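Below is coords_14.cif, which holds mmCIF, C-alpha atoms and all ligand atoms.
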```cif
data_model
#
loop_
_atom_site.label_atom_id
_atom_site.label_comp_id
_atom_site.auth_asym_id
_atom_site.auth_seq_id
_atom_site.Cartn_x
_atom_site.Cartn_y
_atom_site.Cartn_z
CA MET C 1 82.85 33.89 -69.53
CA ASN C 2 79.41 32.57 -70.22
CA THR C 3 77.84 35.19 -72.46
CA ARG C 4 74.39 33.72 -72.34
CA PHE C 5 74.12 33.88 -68.54
CA PRO C 6 76.71 36.47 -67.51
CA ARG C 7 77.70 36.62 -63.90
CA GLU C 8 79.43 39.40 -62.01
CA ILE C 9 79.93 38.71 -58.31
CA LEU C 10 80.69 41.39 -55.74
CA GLU C 11 81.69 39.46 -52.62
CA GLN C 12 80.49 40.95 -49.38
CA ARG C 13 81.55 39.95 -45.87
CA LEU C 14 80.64 41.69 -42.65
CA SER C 15 81.35 41.02 -39.07
CA VAL C 16 79.71 43.12 -36.43
CA PRO C 17 81.14 42.99 -32.92
CA PHE C 18 78.72 42.97 -30.03
CA ASP C 19 79.75 43.54 -26.47
CA TYR C 20 77.65 43.79 -23.38
CA PRO C 21 78.47 43.58 -19.71
CA VAL C 22 76.69 41.01 -17.56
CA VAL C 23 76.81 42.26 -13.99
CA PHE C 24 75.78 40.56 -10.75
CA THR C 25 74.84 42.80 -7.88
CA ARG C 26 72.34 43.51 -5.13
CA GLY C 27 70.16 46.54 -4.43
CA LEU C 28 70.19 47.63 -8.09
CA PHE C 29 67.45 50.22 -7.59
CA HIS C 30 68.77 51.64 -4.33
CA PRO C 31 68.83 55.41 -4.93
CA GLU C 32 72.60 55.56 -4.43
CA HIS C 33 73.56 52.47 -6.47
CA PRO C 34 75.45 53.99 -9.43
CA LEU C 35 75.41 50.89 -11.68
CA LEU C 36 72.36 51.56 -13.83
CA ALA C 37 73.22 55.23 -14.34
CA GLU C 38 76.77 54.26 -15.31
CA VAL C 39 75.57 51.59 -17.72
CA VAL C 40 73.19 53.99 -19.47
CA ASP C 41 76.22 56.19 -20.14
CA ARG C 42 78.44 53.24 -21.09
CA GLU C 43 79.17 54.67 -24.52
CA ARG C 44 80.37 57.90 -22.85
CA GLU C 45 77.91 59.92 -24.85
CA GLY C 46 77.63 62.36 -21.98
CA ARG C 47 73.96 63.09 -22.44
CA ARG C 48 70.61 62.11 -21.01
CA HIS C 49 68.94 59.05 -22.48
CA ARG C 50 65.23 58.38 -22.59
CA ILE C 51 64.30 55.23 -20.73
CA GLN C 52 61.06 53.28 -20.76
CA VAL C 53 60.69 50.69 -18.02
CA CYS C 54 58.71 47.51 -18.78
CA LEU C 55 58.05 45.67 -15.53
CA ASP C 56 56.88 42.08 -15.04
CA ALA C 57 53.52 42.15 -13.22
CA GLY C 58 54.47 39.02 -11.26
CA ALA C 59 57.60 40.66 -9.90
CA ALA C 60 55.66 43.86 -9.21
CA GLN C 61 53.10 41.91 -7.24
CA ALA C 62 55.71 40.03 -5.23
CA ILE C 63 57.64 43.24 -4.50
CA PRO C 64 54.89 45.87 -4.08
CA ASP C 65 57.13 48.94 -3.92
CA LEU C 66 59.25 47.88 -6.92
CA ALA C 67 57.62 50.15 -9.53
CA ASP C 68 57.96 53.14 -7.20
CA ARG C 69 61.57 52.28 -6.40
CA ILE C 70 62.47 52.12 -10.07
CA ALA C 71 60.70 55.41 -10.80
CA ARG C 72 62.43 57.11 -7.85
CA TYR C 73 65.79 55.73 -8.97
CA ALA C 74 65.30 57.07 -12.49
CA SER C 75 64.41 60.55 -11.28
CA GLY C 76 67.42 60.53 -8.94
CA TRP C 77 69.95 60.38 -11.80
CA PRO C 78 68.75 63.25 -14.04
CA GLN C 79 72.09 63.72 -15.77
CA GLN C 80 71.94 60.25 -17.24
CA ILE C 81 68.27 59.32 -17.27
CA GLU C 82 65.25 61.00 -18.82
CA ILE C 83 62.06 59.17 -17.97
CA ALA C 84 60.06 58.50 -21.13
CA GLY C 85 56.85 57.78 -19.24
CA PRO C 86 55.44 55.94 -16.24
CA VAL C 87 56.68 52.44 -15.51
CA ALA C 88 54.63 50.05 -17.69
CA THR C 89 53.58 46.95 -15.82
CA LEU C 90 53.04 44.07 -18.25
CA ALA C 91 51.77 40.54 -17.75
CA GLY C 92 54.51 38.11 -16.78
CA GLY C 93 54.78 34.37 -17.30
CA GLU C 94 54.32 32.54 -20.59
CA GLN C 95 51.24 34.72 -21.22
CA ALA C 96 53.66 37.62 -21.76
CA LYS C 97 54.87 35.99 -24.98
CA SER C 98 51.68 34.32 -26.16
CA GLY C 99 51.20 35.46 -29.72
CA LEU C 100 51.22 38.70 -31.62
CA PRO C 101 48.57 40.56 -29.58
CA ALA C 102 50.93 40.57 -26.58
CA VAL C 103 53.65 42.09 -28.75
CA GLN C 104 51.28 44.56 -30.38
CA HIS C 105 50.55 45.94 -26.93
CA ILE C 106 54.26 46.49 -26.23
CA LEU C 107 54.81 48.02 -29.68
CA GLU C 108 51.99 50.49 -29.06
CA LEU C 109 53.57 51.46 -25.78
CA LEU C 110 57.00 51.99 -27.34
CA HIS C 111 55.44 54.02 -30.14
CA ALA C 112 53.47 56.19 -27.72
CA ARG C 113 56.59 56.98 -25.71
CA ARG C 114 58.40 58.32 -28.78
CA LEU C 115 61.63 56.45 -28.19
CA ASP C 116 64.44 57.17 -30.59
CA ARG C 117 66.86 54.46 -31.63
CA GLN C 118 69.35 55.32 -28.91
CA SER C 119 66.71 55.32 -26.20
CA PHE C 120 66.56 52.47 -23.76
CA VAL C 121 63.99 49.90 -22.85
CA LEU C 122 64.66 48.64 -19.36
CA ALA C 123 63.07 45.18 -19.23
CA VAL C 124 62.65 44.01 -15.65
CA GLY C 125 61.24 40.53 -15.31
CA GLY C 126 61.32 36.81 -15.91
CA GLY C 127 62.45 35.08 -19.08
CA SER C 128 59.03 35.37 -20.71
CA LEU C 129 58.86 39.13 -20.28
CA LEU C 130 62.47 39.53 -21.43
CA ASP C 131 61.68 37.46 -24.53
CA ALA C 132 58.55 39.45 -25.39
CA VAL C 133 59.87 42.94 -24.63
CA GLY C 134 63.18 42.10 -26.29
CA PHE C 135 61.33 40.93 -29.40
CA ALA C 136 59.19 44.07 -29.60
CA ALA C 137 62.16 46.38 -28.93
CA SER C 138 64.20 44.64 -31.64
CA LEU C 139 61.54 45.57 -34.20
CA VAL C 140 61.14 49.25 -33.31
CA HIS C 141 63.40 51.36 -35.53
CA ARG C 142 65.09 47.98 -36.27
CA GLY C 143 66.32 47.73 -32.72
CA LEU C 144 66.23 49.89 -29.61
CA ARG C 145 68.79 49.53 -26.87
CA VAL C 146 67.64 47.03 -24.28
CA ILE C 147 68.96 46.74 -20.76
CA ARG C 148 67.78 43.49 -19.24
CA VAL C 149 67.15 43.16 -15.54
CA PRO C 150 66.32 39.46 -15.14
CA THR C 151 64.30 38.66 -12.02
CA THR C 152 64.07 34.84 -12.01
CA VAL C 153 66.69 32.12 -11.72
CA GLU C 154 66.04 31.05 -15.32
CA ALA C 155 66.25 34.63 -16.55
CA GLN C 156 69.52 35.32 -14.71
CA ASN C 157 71.31 32.10 -15.59
CA ASP C 158 70.12 31.64 -19.18
CA VAL C 159 67.58 33.90 -20.95
CA GLY C 160 69.03 37.22 -19.82
CA VAL C 161 72.61 36.58 -20.89
CA GLY C 162 71.82 35.25 -24.37
CA VAL C 163 71.29 36.92 -27.72
CA LYS C 164 67.78 35.75 -28.57
CA THR C 165 64.25 37.01 -28.21
CA GLY C 166 61.06 35.16 -29.02
CA ILE C 167 57.35 34.69 -28.69
CA ASP C 168 55.04 31.71 -29.11
CA ALA C 169 52.72 31.78 -32.14
CA PHE C 170 50.48 29.41 -34.13
CA GLY C 171 50.79 26.84 -31.36
CA VAL C 172 54.57 26.69 -31.71
CA LYS C 173 56.90 27.69 -28.91
CA ASN C 174 59.27 30.53 -29.90
CA PHE C 175 57.93 30.49 -33.48
CA LEU C 176 58.73 34.19 -33.91
CA GLY C 177 61.91 35.77 -32.69
CA THR C 178 65.02 37.73 -33.43
CA PHE C 179 68.70 37.70 -32.62
CA ALA C 180 69.17 40.89 -30.64
CA PRO C 181 72.03 41.12 -28.14
CA PRO C 182 71.27 43.38 -25.20
CA PHE C 183 73.03 46.64 -24.32
CA ALA C 184 73.70 45.33 -20.81
CA VAL C 185 72.44 42.71 -18.37
CA LEU C 186 72.09 43.66 -14.73
CA ASN C 187 71.35 40.74 -12.41
CA ASP C 188 70.20 41.59 -8.91
CA PHE C 189 70.23 38.55 -6.62
CA ASP C 190 67.71 40.22 -4.29
CA PHE C 191 64.98 39.48 -6.82
CA LEU C 192 65.39 35.75 -6.29
CA ASP C 193 64.23 36.05 -2.68
CA ALA C 194 60.77 37.05 -3.91
CA LEU C 195 60.30 34.02 -6.18
CA PRO C 196 57.71 31.36 -5.42
CA LEU C 197 59.47 28.07 -4.60
CA ARG C 198 58.34 26.53 -7.88
CA ASP C 199 60.09 29.23 -9.94
CA TRP C 200 63.19 29.11 -7.74
CA ILE C 201 63.47 25.38 -8.42
CA SER C 202 62.45 25.49 -12.07
CA GLY C 203 65.44 27.63 -13.11
CA ILE C 204 67.89 25.05 -11.73
CA ALA C 205 67.23 22.72 -14.68
CA GLU C 206 69.21 24.86 -17.14
CA ALA C 207 72.26 24.55 -14.89
CA PHE C 208 72.08 20.74 -15.03
CA LYS C 209 71.58 21.05 -18.78
CA VAL C 210 74.67 23.10 -19.45
CA ALA C 211 76.80 21.27 -16.87
CA ALA C 212 75.98 17.90 -18.43
CA ILE C 213 77.30 19.00 -21.82
CA LYS C 214 80.03 21.46 -20.82
CA ASP C 215 81.39 21.10 -17.31
CA ARG C 216 81.76 17.84 -15.42
CA THR C 217 82.98 19.58 -12.24
CA PHE C 218 79.93 21.82 -12.20
CA PHE C 219 77.78 18.73 -12.71
CA ASP C 220 79.31 17.21 -9.56
CA VAL C 221 78.79 20.46 -7.65
CA LEU C 222 75.13 20.52 -8.66
CA CYS C 223 74.54 16.90 -7.64
CA ASP C 224 76.21 17.55 -4.28
CA SER C 225 74.43 20.83 -3.58
CA ALA C 226 70.96 19.69 -4.68
CA PRO C 227 69.53 19.45 -1.14
CA ARG C 228 70.80 22.95 -0.32
CA LEU C 229 69.38 24.35 -3.54
CA ALA C 230 66.01 22.80 -2.74
CA ALA C 231 66.17 24.37 0.73
CA ARG C 232 66.67 27.83 -0.82
CA ASP C 233 70.29 28.23 0.17
CA ARG C 234 71.17 31.64 -1.29
CA ARG C 235 74.92 31.06 -1.58
CA ALA C 236 74.45 27.78 -3.39
CA MET C 237 72.01 29.44 -5.79
CA GLU C 238 74.17 32.47 -6.45
CA GLY C 239 77.11 30.23 -7.29
CA LEU C 240 74.89 28.24 -9.64
CA VAL C 241 73.52 31.33 -11.38
CA VAL C 242 76.93 32.88 -12.07
CA ARG C 243 78.52 29.64 -13.28
CA CYS C 244 75.56 28.73 -15.45
CA ALA C 245 75.45 32.23 -16.96
CA ARG C 246 79.19 32.08 -17.62
CA LEU C 247 78.90 28.74 -19.43
CA HIS C 248 76.14 30.13 -21.63
CA LEU C 249 78.18 33.25 -22.37
CA ASP C 250 81.27 31.18 -23.17
CA HIS C 251 79.36 29.00 -25.57
CA ILE C 252 77.73 31.92 -27.37
CA ARG C 253 81.09 33.70 -27.67
CA GLU C 254 83.34 30.75 -28.48
CA GLY C 255 81.01 28.13 -29.93
CA GLY C 256 81.49 29.63 -33.38
CA ASP C 257 77.81 30.10 -34.11
CA PRO C 258 76.31 32.89 -31.99
CA PHE C 259 73.37 33.45 -34.33
CA GLU C 260 72.76 29.74 -34.80
CA MET C 261 73.21 29.39 -38.54
CA GLY C 262 74.26 25.73 -38.23
CA THR C 263 72.05 22.74 -37.58
CA ALA C 264 73.30 21.87 -34.09
CA ARG C 265 72.34 23.77 -31.01
CA PRO C 266 74.07 22.27 -27.99
CA LEU C 267 72.48 24.63 -25.48
CA ASP C 268 69.15 23.15 -26.52
CA TYR C 269 70.09 19.72 -25.15
CA GLY C 270 66.83 18.22 -23.88
CA HIS C 271 64.73 20.93 -25.49
CA TRP C 272 63.14 19.06 -28.40
CA SER C 273 60.84 17.25 -25.98
CA SER C 274 60.65 20.01 -23.38
CA HIS C 275 59.23 22.53 -25.84
CA GLN C 276 56.70 19.98 -27.05
CA LEU C 277 55.73 19.11 -23.48
CA GLU C 278 55.21 22.78 -22.65
CA VAL C 279 52.87 23.13 -25.63
CA MET C 280 51.06 19.84 -24.82
CA SER C 281 50.46 21.05 -21.27
CA ASP C 282 49.24 24.42 -22.53
CA TYR C 283 52.17 25.84 -20.55
CA ALA C 284 50.97 24.39 -17.23
CA ILE C 285 54.45 22.82 -17.06
CA LYS C 286 57.06 25.52 -16.60
CA HIS C 287 59.97 25.79 -19.00
CA GLY C 288 62.54 24.66 -16.44
CA GLU C 289 60.39 21.74 -15.31
CA ALA C 290 60.00 20.62 -18.90
CA VAL C 291 63.75 20.99 -19.43
CA ALA C 292 64.42 18.73 -16.42
CA ILE C 293 62.21 16.04 -17.99
CA GLY C 294 63.74 16.62 -21.43
CA ILE C 295 67.36 16.30 -20.31
CA ALA C 296 66.54 13.20 -18.23
CA LEU C 297 64.91 11.59 -21.26
CA ASP C 298 67.76 12.42 -23.63
CA ALA C 299 70.27 11.28 -21.01
CA PHE C 300 68.51 7.91 -21.03
CA VAL C 301 69.03 7.77 -24.79
CA ALA C 302 72.69 8.84 -24.36
CA GLN C 303 73.19 6.11 -21.79
CA ARG C 304 71.64 3.52 -24.10
CA LEU C 305 73.98 4.62 -26.90
CA GLY C 306 76.94 4.20 -24.56
CA PHE C 307 77.68 7.96 -24.58
CA ILE C 308 77.38 8.34 -20.81
CA ALA C 309 77.81 5.85 -17.98
CA ARG C 310 74.73 4.40 -16.34
CA VAL C 311 75.92 5.76 -13.02
CA ASP C 312 76.01 9.29 -14.46
CA PHE C 313 72.51 8.94 -15.85
CA ASP C 314 71.34 7.83 -12.40
CA ARG C 315 73.15 10.74 -10.76
CA LEU C 316 71.54 13.23 -13.12
CA VAL C 317 68.07 11.90 -12.42
CA ALA C 318 68.72 11.76 -8.66
CA GLY C 319 70.20 15.26 -8.69
CA LEU C 320 67.24 16.76 -10.52
CA ARG C 321 64.82 15.04 -8.15
CA ALA C 322 66.76 16.12 -5.07
CA CYS C 323 66.30 19.72 -6.26
CA GLY C 324 62.55 19.15 -6.46
CA LEU C 325 62.46 18.98 -10.27
CA PRO C 326 60.26 16.48 -12.15
CA VAL C 327 61.77 13.83 -14.44
CA TRP C 328 58.53 12.49 -15.84
CA ASP C 329 55.06 13.67 -16.81
CA ALA C 330 52.00 11.66 -17.78
CA ARG C 331 51.74 13.59 -21.07
CA LEU C 332 54.86 11.76 -22.25
CA GLU C 333 52.72 8.66 -22.68
CA ARG C 334 50.14 10.31 -24.91
CA ARG C 335 49.67 8.67 -28.30
CA SER C 336 48.82 10.32 -31.60
CA ALA C 337 46.03 8.96 -33.84
CA ASP C 338 48.55 6.73 -35.63
CA GLY C 339 49.60 5.14 -32.34
CA SER C 340 53.00 6.82 -32.12
CA LEU C 341 54.10 8.77 -29.06
CA ALA C 342 52.73 12.31 -29.36
CA ILE C 343 55.92 13.75 -27.89
CA LEU C 344 57.75 12.63 -31.05
CA GLU C 345 56.15 15.55 -32.90
CA GLY C 346 58.65 17.65 -31.01
CA LEU C 347 61.47 16.20 -33.10
CA GLU C 348 60.14 17.63 -36.35
CA ARG C 349 59.28 20.96 -34.72
CA PHE C 350 62.81 21.10 -33.36
CA ARG C 351 64.29 20.27 -36.77
CA GLU C 352 62.24 23.02 -38.42
CA HIS C 353 63.37 25.50 -35.80
CA LEU C 354 67.06 24.76 -36.41
CA GLY C 355 66.80 24.03 -40.12
CA GLY C 356 68.56 21.32 -42.14
CA PRO C 357 68.82 17.71 -41.01
CA LEU C 358 67.62 16.84 -37.51
CA THR C 359 70.51 17.28 -35.08
CA ILE C 360 70.18 16.40 -31.41
CA THR C 361 73.04 17.11 -29.03
CA LEU C 362 73.55 14.55 -26.26
CA PRO C 363 76.04 14.47 -23.38
CA ALA C 364 79.00 12.24 -24.28
CA PRO C 365 80.44 11.74 -21.69
CA ILE C 366 79.20 14.14 -18.98
CA GLY C 367 80.89 17.48 -19.76
CA GLY C 368 81.14 16.73 -23.49
CA THR C 369 78.79 16.27 -26.44
CA ARG C 370 77.95 14.16 -29.47
CA ASN C 371 75.32 14.82 -32.08
CA VAL C 372 72.83 12.26 -33.33
CA HIS C 373 70.40 12.61 -36.21
CA SER C 374 67.59 10.38 -35.06
CA ILE C 375 66.14 8.96 -31.90
CA ASP C 376 64.86 5.40 -31.78
CA PRO C 377 61.19 5.59 -30.68
CA ALA C 378 61.53 2.23 -28.91
CA VAL C 379 64.42 3.52 -26.78
CA LEU C 380 62.43 6.63 -26.07
CA ALA C 381 59.41 4.61 -24.95
CA GLU C 382 61.68 2.58 -22.72
CA GLY C 383 63.14 5.77 -21.25
CA ILE C 384 59.67 7.14 -20.55
CA GLY C 385 58.78 3.89 -18.78
CA HIS C 386 61.97 3.98 -16.76
CA LEU C 387 61.52 7.60 -15.67
CA LYS C 388 57.91 6.88 -14.76
CA ALA C 389 59.05 4.10 -12.46
CA VAL C 390 61.72 6.34 -10.93
CA ALA C 391 59.23 9.19 -10.44
CA ARG C 392 56.98 6.86 -8.48
CA THR C 393 59.66 6.05 -5.95
CA ALA C 394 59.95 8.24 -2.87
N1 LIG C 401 65.59 33.70 -25.22
C1 LIG C 401 66.24 32.68 -24.71
O1 LIG C 401 67.39 32.44 -25.06
C2 LIG C 401 65.58 31.79 -23.69
C3 LIG C 401 66.34 30.83 -23.02
C4 LIG C 401 65.72 30.04 -22.04
C5 LIG C 401 64.39 30.23 -21.75
N2 LIG C 401 63.66 31.16 -22.43
C6 LIG C 401 62.24 31.38 -22.12
O2 LIG C 401 62.09 31.90 -20.82
C7 LIG C 401 60.76 31.60 -20.37
C8 LIG C 401 60.80 31.14 -18.94
O3 LIG C 401 61.30 32.16 -18.12
P1 LIG C 401 61.20 32.07 -16.54
O4 LIG C 401 61.51 30.71 -16.08
O5 LIG C 401 61.98 33.22 -16.03
O6 LIG C 401 59.67 32.21 -16.22
P2 LIG C 401 58.62 33.41 -16.47
O7 LIG C 401 59.25 34.58 -17.10
O8 LIG C 401 57.49 32.77 -17.17
O9 LIG C 401 58.24 33.83 -14.98
C9 LIG C 401 57.63 32.93 -14.09
C10 LIG C 401 56.72 33.67 -13.12
O10 LIG C 401 57.48 34.42 -12.18
C11 LIG C 401 56.99 35.77 -12.08
N3 LIG C 401 58.14 36.54 -11.60
C12 LIG C 401 59.16 37.06 -12.30
N4 LIG C 401 60.08 37.58 -11.45
C13 LIG C 401 59.62 37.38 -10.20
C14 LIG C 401 60.14 37.68 -8.90
N5 LIG C 401 61.36 38.22 -8.72
N6 LIG C 401 59.40 37.34 -7.82
C15 LIG C 401 58.19 36.72 -7.99
N7 LIG C 401 57.66 36.40 -9.18
C16 LIG C 401 58.38 36.73 -10.28
C17 LIG C 401 56.44 36.04 -13.45
O11 LIG C 401 55.48 37.05 -13.44
C18 LIG C 401 55.81 34.69 -13.79
O12 LIG C 401 54.54 34.58 -13.24
C19 LIG C 401 60.22 30.55 -21.32
O13 LIG C 401 59.28 31.12 -22.19
C20 LIG C 401 61.44 30.11 -22.10
O14 LIG C 401 61.14 29.67 -23.40
C21 LIG C 401 64.23 31.94 -23.39
ZN ZN C 402 65.76 26.43 -21.89
#
```
Spit out the file's structure as C-alpha cells when you get a sec.
Amino acid sequence: MNTRFPREILEQRLSVPFDYPVVFTRGLFHPEHPLLAEVVDREREGRRHRIQVCLDAGAAQAIPDLADRIARYASGWPQQIEIAGPVATLAGGEQAKSGLPAVQHILELLHARRLDRQSFVLAVGGGSLLDAVGFAASLVHRGLRVIRVPTTVEAQNDVGVGVKTGIDAFGVKNFLGTFAPPFAVLNDFDFLDALPLRDWISGIAEAFKVAAIKDRTFFDVLCDSAPRLAARDRRAMEGLVVRCARLHLDHIREGGDPFEMGTARPLDYGHWSSHQLEVMSDYAIKHGEAVAIGIALDAFVAQRLGFIARVDFDRLVAGLRACGLPVWDARLERRSADGSLAILEGLERFREHLGGPLTITLPAPIGGTRNVHSIDPAVLAEGIGHLKAVARTA
C-alpha cells in the first residue's frame, strides 16, 4: 500500500437493457388501428399517458389532413392517450436540426406542455425532425419517452431504428447529440407515397451502404432491382426498407458497441466524405445523395487496395446510378488554400467525431469489412476523376 498516495477503488459496472419494437404497418392513424394505443400501453401500466405530437411540416404539407388525422386518432383512444396539447408542426429537412435555436424552440414547447418523464413525444417526420426532436426530448427530465414515426425512406430504414439523436452546430454536422433509444418505432409505408421523387431515391443510398459491408445477397438484390426502385415500385421499396432496417438493428444489437465507444463505426462507411460534402454544399446535397457519393468514393479506394473486385466496384456505381443517385459532385474537386482537396477536411472531422485514431471502414469483400487508418490523397484524387468521368456518361 502506497501511503503517500493511497488508493481505494470501488469497481462499478452497469448494464442497462434497452428494448423497443420496430413495427412496419400501413394506415397507422386510421381511427381503428390499435397499434399506437397498444404501444403507448406497452409497459402495461394501465393508465393514460400524456402525448405531445411533433409533426414534420414537409409531411404535413404533402398530406394536408395528417395533423387532423393524428389529433382525431389520439382523441379516439381516451383510455390510453391524453392529449398534452395541439399537434405541433415543426420545420422539416436539415433546417429542423440546424443549431441550438431549433432545439430551443422544441424545448420550449415540451416545457409548456408540462410533460412528465413518462409522457410521450410522438415524433412524426423525416430523419432530420427525428434527430432534432429526439435530441430535445432526451434532454428534458434527462429523457422523455419517444415514439418515432419515420416518414421518409431514410428515416424508416436507418435513422428511425437507431439509438442516436443529433443536431448540426458550429458548422459541423451532428456536432451535438445523444444516445437515446426510442420507446418504439412505428413505420407506416403509406407515408412513402407522399415523398417527392428526390427523397424517395435519396434514402436508397443507406441500403447500398449497409449491403456492401454486411450482406452480399442484399447487394445483388439492390443492383438487380435498381430500375424498379427508380420507377417507384412499392414492393421493391418495402423489401429494401425492412431489410435495411433489420441490418442496422442487427449491427447495433450484435456489433458489440451500441453506444459507439470504440474508434470504428462500420455503419458510417462512406460518411467521412458525405458529411463534409453536405456541409460544403450548405445542405443543398441531401444526406442520402452525399452517402451515395461517399460510398462510391470509398469503394474506389477499397478496390485500389484489393479489398473488393473491380467488377463489384463497377456494379456498385452502376447500381447507384440506375436508382437515380449521384456518384460525383463538382465540390469534390474544390481545393483548400494549401492546394489539398477540401474534402479531405472531412477525415479529421470524422476522426474527432469517433475519437482516437482515424478509422475508416471499407467493404472487403462485398458483404464484409476491413478498417484502414489513412486514405492516400492521390488515390482519392484518382477516384474523384474516375467518378467524374462515369457521371458524365449517359
Ligand atoms: N440519427 C441517426 O442515426 C441518423 C442516421 C442517418 C441519417 N441521419 C440524419 O437524417 C437526416 C436525413 O433524413 P431524411 O433523409 O429523412 O431527410 P429529411 O428529414 O431532411 O426530410 C427530407 C424532406 O422530406 C420532407 N418529408 C418528410 N416526410 C415526408 C413525407 N412523407 N412526404 C413528403 N415530404 C416529407 C421533410 O419535411 C423534408 O423537407 C440527415 O440529417 C442525417 O444526418 C441520422
Ligand atoms: Zn447516413
Which protein, DNA or RNA residues have an atom within 8 Å of ligand ZN 402 (chain C), counting all atoms listed in the file, as a PyMOL selection string?
chain C and resi 158-159+206+267-268+271+287-288+291
Å distance separating CA of Gly270 (chain C) from CA of Pro227 (chain C), one decimal place
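Computed distance, CA of Gly270 (chain C) to CA of Pro227 (chain C), equals 22.9 Å.
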Within 6 Å of ligand LIG 401 (chain C), which residues of chain C come that close, and what is the closest atom pair and distance in Å for each? Count all atoms listed in the file and give it as a tab-separated table.
```
residue	atom	partner	partner_atom	distance
C:Asp56	CA	C:LIG401	O11	5.5
C:Ala57	CA	C:LIG401	O11	5.5
C:Gly58	CA	C:LIG401	O11	3.1
C:Ala59	CA	C:LIG401	C13	3.9
C:Ala62	CA	C:LIG401	C15	5.0
C:Gly92	CA	C:LIG401	O11	3.6
C:Gly93	CA	C:LIG401	O8	3.1
C:Glu94	CA	C:LIG401	O8	4.7
C:Gly125	CA	C:LIG401	N4	5.0
C:Gly126	CA	C:LIG401	O7	3.3
C:Gly127	CA	C:LIG401	O3	3.3
C:Ser128	CA	C:LIG401	O7	3.7
C:Leu129	CA	C:LIG401	O7	5.6
C:Asp131	CA	C:LIG401	N1	5.5
C:Thr151	CA	C:LIG401	N4	4.4
C:Thr152	CA	C:LIG401	O5	4.8
C:Glu154	CA	C:LIG401	O4	4.6
C:Ala155	CA	C:LIG401	O5	4.5
C:Asp158	CA	C:LIG401	C3	5.4
C:Val159	CA	C:LIG401	C3	3.9
C:Gly162	CA	C:LIG401	O1	5.3
C:Lys164	CA	C:LIG401	N1	4.5
C:Thr165	CA	C:LIG401	N1	4.7
C:Phe191	CA	C:LIG401	N5	4.3
C:Leu192	CA	C:LIG401	N5	5.3
C:Ala194	CA	C:LIG401	N6	4.2
C:Leu195	CA	C:LIG401	N6	3.8
C:Pro196	CA	C:LIG401	C15	6.0
C:Gly203	CA	C:LIG401	O4	5.8
C:His287	CA	C:LIG401	C19	5.3
```
If we count only C-alpha atoms and set the cut-off at 10 Å, which residues sit around Leu139 (chain C), ignoring sequence neighbours fewer than 2 positions away in its own chain? Please answer as a list in words.
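That gives Leu107, Gly134, Phe135, Ala136, Ala137, His141, Arg142, Gly143, Leu144, Gly177, Thr178 and Ala180 of chain C.
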For a quick check of understanding, using only C-alpha atoms, which of C:Cys323, C:Leu344, C:Ala67, C:Gly171 has the smallest distance to Arg228 (chain C)?
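Nearest candidate to Arg228 (chain C) out of C:Cys323, C:Leu344, C:Ala67, C:Gly171: C:Cys323.
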Could you tell me, as a PyMOL selection string, which residues have any atom at most 8 Å from (69.2, 18.9, -4.4), counting all atoms listed in the file?
chain C and resi 222-230+319-324
Quick one: residues within 12 Å of (73.6, 59.2, -3.0) (file frame), counting only C-alpha atoms, please, as a list in words.
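All residues meeting the 12 Å criterion around (73.6, 59.2, -3.0) are Phe29, His30, Pro31, Glu32, His33, Pro34, Tyr73, Gly76 and Trp77 of chain C.
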Region 309-311 of chain C environment, 9 Å, only C-alpha atoms, sequence neighbours closer than 6 positions dropped, as a ChimeraX atom specification:
/C:300,302-303,365-366
Could you tell me how far CA of Phe307 (chain C) lies from CA of Lys173 (chain C), in Å and to one decimal?
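Computing the Euclidean distance for CA of Phe307 (chain C) and CA of Lys173 (chain C) yields 29.0 Å.
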Excluding Leu36 (chain C) and its own-chain neighbours fewer than 5 positions away, which residues fall within 10 Å of it when counting all atoms listed in the file? Please give them as a PyMOL selection string.
chain C and resi 28-29+41-42+73-74+77+80-81+122+147+184-186
Test item: residues at most 12 Å from Ala212 (chain C), all atoms listed in the file, excluding those fewer than 4 positions along its chain, as a ChimeraX atom specification:
/C:205-208,216-223,244,247,266-270,292,295-296,298-299,302,307-308,312-313,315-317,319-320,361-370
A straight line from CA of Lys97 (chain C) to CA of Asp282 (chain C) spans 13.1 Å
Could you work out an axis-aligned box for region 220-233 of chain C, taking every atom the file lists and adding 6 Å on each side, and report centre and edge lengths in Å to one decimal, as JSON?
```
{"center_x": 72.7, "center_y": 22.6, "center_z": -4.4, "size_x": 25.3, "size_y": 23.3, "size_z": 22.3}
```
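The shortest atom-to-atom distance to Val87 (chain C), with only C-alpha atoms taken into account, belongs to C:Gln52 out of C:Arg113, C:Gln52, C:Val16, C:Leu347.
With all atoms listed in the file as the atoms that count, the residue of C:Leu249, C:Leu130, C:Ala96, C:Leu380 with the shortest distance to Tyr283 (chain C) is C:Ala96.
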Write out as JSON, numbers by chain the residues lying within 7 Å of Cys54 (chain C), counting all atoms listed in the file and excluding same-chain residues fewer than 5 positions away.
{"C": [87, 88, 89, 90, 122, 123, 124]}
My list of candidates is C:Pro326, C:Ala264, C:Arg253, C:Ala102. Which is closest to Ile201 (chain C) when distances are computed with all atoms listed in the file?
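Comparing C:Pro326, C:Ala264, C:Arg253, C:Ala102 against Ile201 (chain C), the winner is C:Pro326.
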